[in-house]
Every structure is written in C-alpha cells, then in structure tokens.
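Source file model.txt; content: compact mmCIF, C-alpha atoms.
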```txt
# COMPACT_ATOMS: atom_id res chain seq x y z
CA MET A 1 -27.82 35.86 -43.51
CA GLN A 2 -30.17 37.96 -45.58
CA ALA A 3 -33.85 37.06 -45.67
CA PRO A 4 -35.00 36.36 -49.22
CA PRO A 5 -38.09 38.21 -50.48
CA GLY A 6 -41.26 36.42 -49.46
CA GLN A 7 -39.54 34.59 -46.60
CA MET A 8 -41.73 31.99 -45.00
CA THR A 9 -41.70 30.81 -41.43
CA ALA A 10 -41.34 27.16 -40.46
CA PRO A 11 -45.06 26.19 -40.40
CA PRO A 12 -45.78 27.21 -44.05
CA VAL A 13 -42.56 25.55 -45.27
CA GLN A 14 -43.44 22.39 -43.37
CA ALA A 15 -46.94 22.42 -44.84
CA LEU A 16 -45.56 22.68 -48.38
CA LEU A 17 -43.12 19.83 -47.74
CA VAL A 18 -45.70 17.55 -46.14
CA ASP A 19 -48.53 18.14 -48.62
CA GLY A 20 -46.25 17.39 -51.58
CA ALA A 21 -46.50 20.87 -53.11
CA LEU A 22 -42.71 20.99 -53.55
CA ALA A 23 -42.31 17.39 -54.74
CA GLY A 24 -40.14 16.91 -57.77
CA GLU A 25 -36.70 17.49 -59.19
CA TRP A 26 -35.10 20.88 -58.68
CA VAL A 27 -32.10 22.46 -60.44
CA MET A 28 -30.05 25.38 -59.13
CA ASP A 29 -29.98 28.38 -61.46
CA PRO A 30 -26.31 29.47 -61.34
CA ARG A 31 -27.19 32.88 -62.82
CA ARG A 32 -29.43 33.63 -59.83
CA SER A 33 -27.42 31.81 -57.17
CA SER A 34 -24.20 32.65 -55.38
CA ILE A 35 -21.78 31.00 -53.02
CA ARG A 36 -19.52 33.40 -51.21
CA LEU A 37 -16.45 33.10 -49.04
CA LYS A 38 -16.10 35.41 -46.07
CA SER A 39 -13.11 35.11 -43.79
CA ARG A 40 -10.46 37.05 -41.94
CA SER A 41 -6.96 37.41 -43.27
CA MET A 42 -3.92 36.27 -41.35
CA TRP A 43 -4.04 37.55 -37.76
CA GLY A 44 -7.69 38.52 -38.26
CA LEU A 45 -6.80 42.08 -39.26
CA SER A 46 -8.94 42.58 -42.33
CA PRO A 47 -11.91 40.79 -43.84
CA VAL A 48 -11.53 38.68 -46.98
CA ASN A 49 -14.56 38.35 -49.21
CA GLY A 50 -14.85 36.28 -52.33
CA VAL A 51 -17.26 34.54 -54.63
CA PHE A 52 -17.12 31.22 -56.45
CA HIS A 53 -18.13 31.83 -60.06
CA GLU A 54 -18.78 28.20 -61.06
CA ILE A 55 -21.55 26.50 -59.10
CA SER A 56 -24.17 23.90 -59.85
CA GLY A 57 -26.75 21.99 -57.89
CA ASN A 58 -29.82 19.82 -57.98
CA GLY A 59 -32.21 18.31 -55.53
CA THR A 60 -35.20 16.11 -55.03
CA VAL A 61 -38.22 16.58 -52.82
CA SER A 62 -40.26 13.41 -52.39
CA ALA A 63 -44.04 13.37 -52.12
CA ASP A 64 -43.70 12.82 -48.35
CA GLY A 65 -41.36 15.81 -47.92
CA GLU A 66 -37.97 14.07 -47.78
CA VAL A 67 -35.25 16.24 -49.29
CA SER A 68 -31.87 15.42 -50.81
CA ALA A 69 -29.65 17.77 -52.77
CA THR A 70 -26.12 18.29 -54.01
CA VAL A 71 -24.33 21.60 -54.54
CA THR A 72 -20.99 21.58 -56.33
CA VAL A 73 -18.52 24.45 -56.42
CA ALA A 74 -15.48 24.62 -58.70
CA ALA A 75 -12.70 25.37 -56.19
CA ALA A 76 -10.61 27.12 -58.86
CA SER A 77 -13.41 29.60 -59.54
CA ILE A 78 -12.72 31.53 -56.31
CA ASP A 79 -12.44 35.28 -56.86
CA THR A 80 -11.43 37.57 -53.99
CA ARG A 81 -10.36 40.40 -56.32
CA ASN A 82 -6.74 39.73 -55.44
CA THR A 83 -4.94 37.58 -58.02
CA ARG A 84 -2.08 36.65 -55.70
CA ARG A 85 -4.44 35.57 -52.91
CA ASP A 86 -6.67 33.65 -55.35
CA THR A 87 -3.65 31.78 -56.68
CA HIS A 88 -2.68 30.89 -53.11
CA LEU A 89 -6.23 29.73 -52.28
CA ARG A 90 -6.20 27.46 -55.36
CA SER A 91 -2.79 26.02 -54.37
CA ALA A 92 -2.06 22.89 -52.36
CA ASP A 93 -1.88 25.11 -49.25
CA PHE A 94 -5.67 25.51 -49.27
CA PHE A 95 -8.18 24.11 -51.79
CA ASP A 96 -5.64 22.23 -53.95
CA SER A 97 -7.95 22.76 -56.91
CA ALA A 98 -5.59 20.98 -59.32
CA SER A 99 -6.02 17.68 -57.45
CA ASN A 100 -9.43 18.37 -55.90
CA PRO A 101 -11.39 20.47 -58.38
CA ASP A 102 -14.75 20.37 -56.58
CA ILE A 103 -16.12 21.37 -53.21
CA THR A 104 -19.37 19.50 -52.64
CA PHE A 105 -22.20 19.77 -50.15
CA ALA A 106 -24.64 16.83 -50.12
CA ALA A 107 -27.80 17.66 -48.18
CA ASP A 108 -29.59 14.70 -46.70
CA GLY A 109 -32.35 16.54 -44.88
CA ILE A 110 -34.20 19.81 -44.50
CA ARG A 111 -36.67 20.34 -41.70
CA PRO A 112 -38.55 23.36 -40.41
CA SER A 113 -36.71 25.15 -37.61
CA GLY A 114 -37.32 28.49 -35.96
CA GLN A 115 -38.04 31.07 -38.63
CA GLY A 116 -36.75 28.93 -41.52
CA VAL A 117 -35.25 25.50 -42.06
CA ALA A 118 -32.40 23.42 -40.64
CA VAL A 119 -30.25 21.77 -43.31
CA THR A 120 -28.12 18.69 -42.60
CA GLY A 121 -25.59 16.99 -44.82
CA ALA A 122 -21.92 16.52 -45.55
CA LEU A 123 -19.32 18.94 -46.91
CA THR A 124 -16.41 17.58 -48.93
CA VAL A 125 -13.30 19.73 -49.35
CA ARG A 126 -9.99 18.30 -50.55
CA ASP A 127 -11.42 14.77 -50.57
CA ARG A 128 -12.28 15.03 -46.85
CA THR A 129 -15.93 14.78 -45.86
CA ARG A 130 -17.34 16.19 -42.64
CA PRO A 131 -20.92 16.54 -41.40
CA LEU A 132 -22.34 20.03 -41.67
CA SER A 133 -25.62 21.45 -40.38
CA PHE A 134 -26.87 25.01 -40.64
CA ASP A 135 -29.99 27.12 -40.44
CA ALA A 136 -31.34 28.88 -43.52
CA ALA A 137 -34.02 31.39 -44.33
CA ALA A 138 -36.44 29.84 -46.81
CA ALA A 139 -38.89 31.28 -49.30
CA VAL A 140 -41.06 29.97 -52.08
CA GLN A 141 -41.70 32.67 -54.69
CA ASP A 142 -44.91 33.14 -56.64
CA ASP A 143 -43.35 31.42 -59.66
CA GLY A 144 -42.48 28.37 -57.53
CA GLU A 145 -38.81 29.25 -57.23
CA ILE A 146 -37.30 28.22 -53.88
CA TRP A 147 -34.81 30.47 -52.13
CA LEU A 148 -32.49 29.41 -49.34
CA ASP A 149 -30.17 31.92 -47.71
CA ALA A 150 -27.67 30.62 -45.19
CA GLU A 151 -24.39 31.41 -43.54
CA MET A 152 -22.09 28.57 -42.55
CA ARG A 153 -19.33 29.29 -40.08
CA SER A 154 -16.05 27.48 -39.78
CA ALA A 155 -14.86 26.24 -36.43
CA SER A 156 -13.40 29.02 -34.33
CA THR A 157 -11.16 26.70 -32.38
CA GLY A 158 -9.19 23.55 -33.05
CA PRO A 159 -7.93 23.80 -36.63
CA THR A 160 -8.02 20.48 -38.40
CA SER A 161 -5.09 19.17 -40.38
CA VAL A 162 -6.16 18.41 -43.94
CA SER A 163 -2.75 17.54 -45.32
CA PRO A 164 0.81 17.49 -44.07
CA GLY A 165 1.95 21.02 -43.33
CA THR A 166 -1.49 22.58 -43.81
CA ARG A 167 -3.66 23.60 -40.90
CA TRP A 168 -6.89 25.55 -41.18
CA ALA A 169 -10.29 25.77 -39.50
CA TRP A 170 -12.67 23.10 -40.77
CA PRO A 171 -16.44 23.69 -40.81
CA ARG A 172 -18.30 21.71 -38.18
```
Full structure transcribed into structure tokens:
Amino acid sequence: MQAPPGQMTAPPVQALLVDGALAGEWVMDPRRSSIRLKSRSMWGLSPVNGVFHEISGNGTVSADGEVSATVTVAAASIDTRNTRRDTHLRSADFFDSASNPDITFAADGIRPSGQGVAVTGALTVRDRTRPLSFDAAAAVQDDGEIWLDAEMRSASTGPTSVSPGTRWAWPR
C-alpha cells in the first residue's frame, strides 16, 4: 500500500467526516484511479501483475459522516501483458467475464482506524458475494479530491469453490 500525497491520520479524517466537510456525492475519476491485480502464478514461482482498464465508481457521504460507495470493474478489461493468460483469466475457469461481466465492491462503511481508515463492504465476483474489510491510507487533497490507497489480500488457505471444477482463493 502506497501512501497518497497529503495522507491524513485517523483523527483529521474523522473530523472531516463528522463535521460534514465531505458530505455529498462523489464520482471516481477513472483516468486518475487504478485497480490492480497482484498474484502468484501456479506453484507460486513468479509474480503476476495486472491492471483492470475499465473501472467506475461513486459514493455518498452523509452530513453525519455515513459513507456508502460502489466500485465496478469490467472483468474482461484485465491486462497482465500476456494475451494467453488474460484470455484464461476471462474464461469460465476464473472470472467468466462473458456471463459475469462485472466485479463489484459495495462499501457500506468507512471509519477511522490506525493511520487511515477501515473500509467494510461486500465483494461480488462471478455472482457470488462475500464480506470484505480492509484498511486504506486516506488523503484529502487541497482541491477536495479524496484518495484511498488499499491492498486487499485473498485468503491464503482454504480455497473456495466458485463453480464446479474451479477452485481458487476467495478474498475474506
């Protein structure tokens, strides 16, 4: 996780949420945002890095600091710089982007935690929804832009079956 410029600690973020300074509707700028995939290849021998090129998102911060947001990723937009691997990731073996075009995270809460914020919500992949919580570095820029930088890890044990014949680690 990389700290965004102007990173704020939990107390200033909490103050901005509570005093209503961040209240309103927010829209993710896909040109300035990124969602990346980082994994290990089969047998954990070499890292696999990728980026999803089609992302969108929006959120609402209420006057009393309650936060809700949705981030949507086009599963077929994965790019690991390996055409064969990308085709396999889009297939029914993994994302099944033909039948399940979107990966969605719906945040239902953000609260100050440690040096940033704790985000809670639900991740939907292949029409299966699981709870997901993670910590994020947070910053509010001078122009009012909000930055969140987070790293979500998949489960290291107990792969979850998502369809017959397919087993892979599911984020917890």
Take CA of Ser33 (chain A) and CA of Asp108 (chain A) and report the distance between them in Å, one decimal. 20.2 Å
For CA of Ala138 (chain A) and CA of Gly109 (chain A), determine how far apart the two atoms are, in Å to one decimal place.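 Answer for the CA of Ala138 (chain A) to CA of Gly109 (chain A) separation: 14.0 Å.
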If we count all atoms listed in the file and set the cut-off at 10 Å, which residues sit around region 48-58 of chain A, ignoring sequence neighbours fewer than 6 positions away in its own chain? Please answer as a ChimeraX atom specification. /A:25-31,33-42,68-82,85-86,102-106
Between CA of Ala63 (chain A) and CA of Ala23 (chain A), measure the distance and give it in Å to one decimal. 5.1 Å
May I have the residues within 12 Å of Asp127 (chain A) as a ChimeraX atom specification, using only C-alpha atoms and disregarding those fewer than 2 positions away in the same chain? /A:95-97,99-105,122-125,129-130,162-163
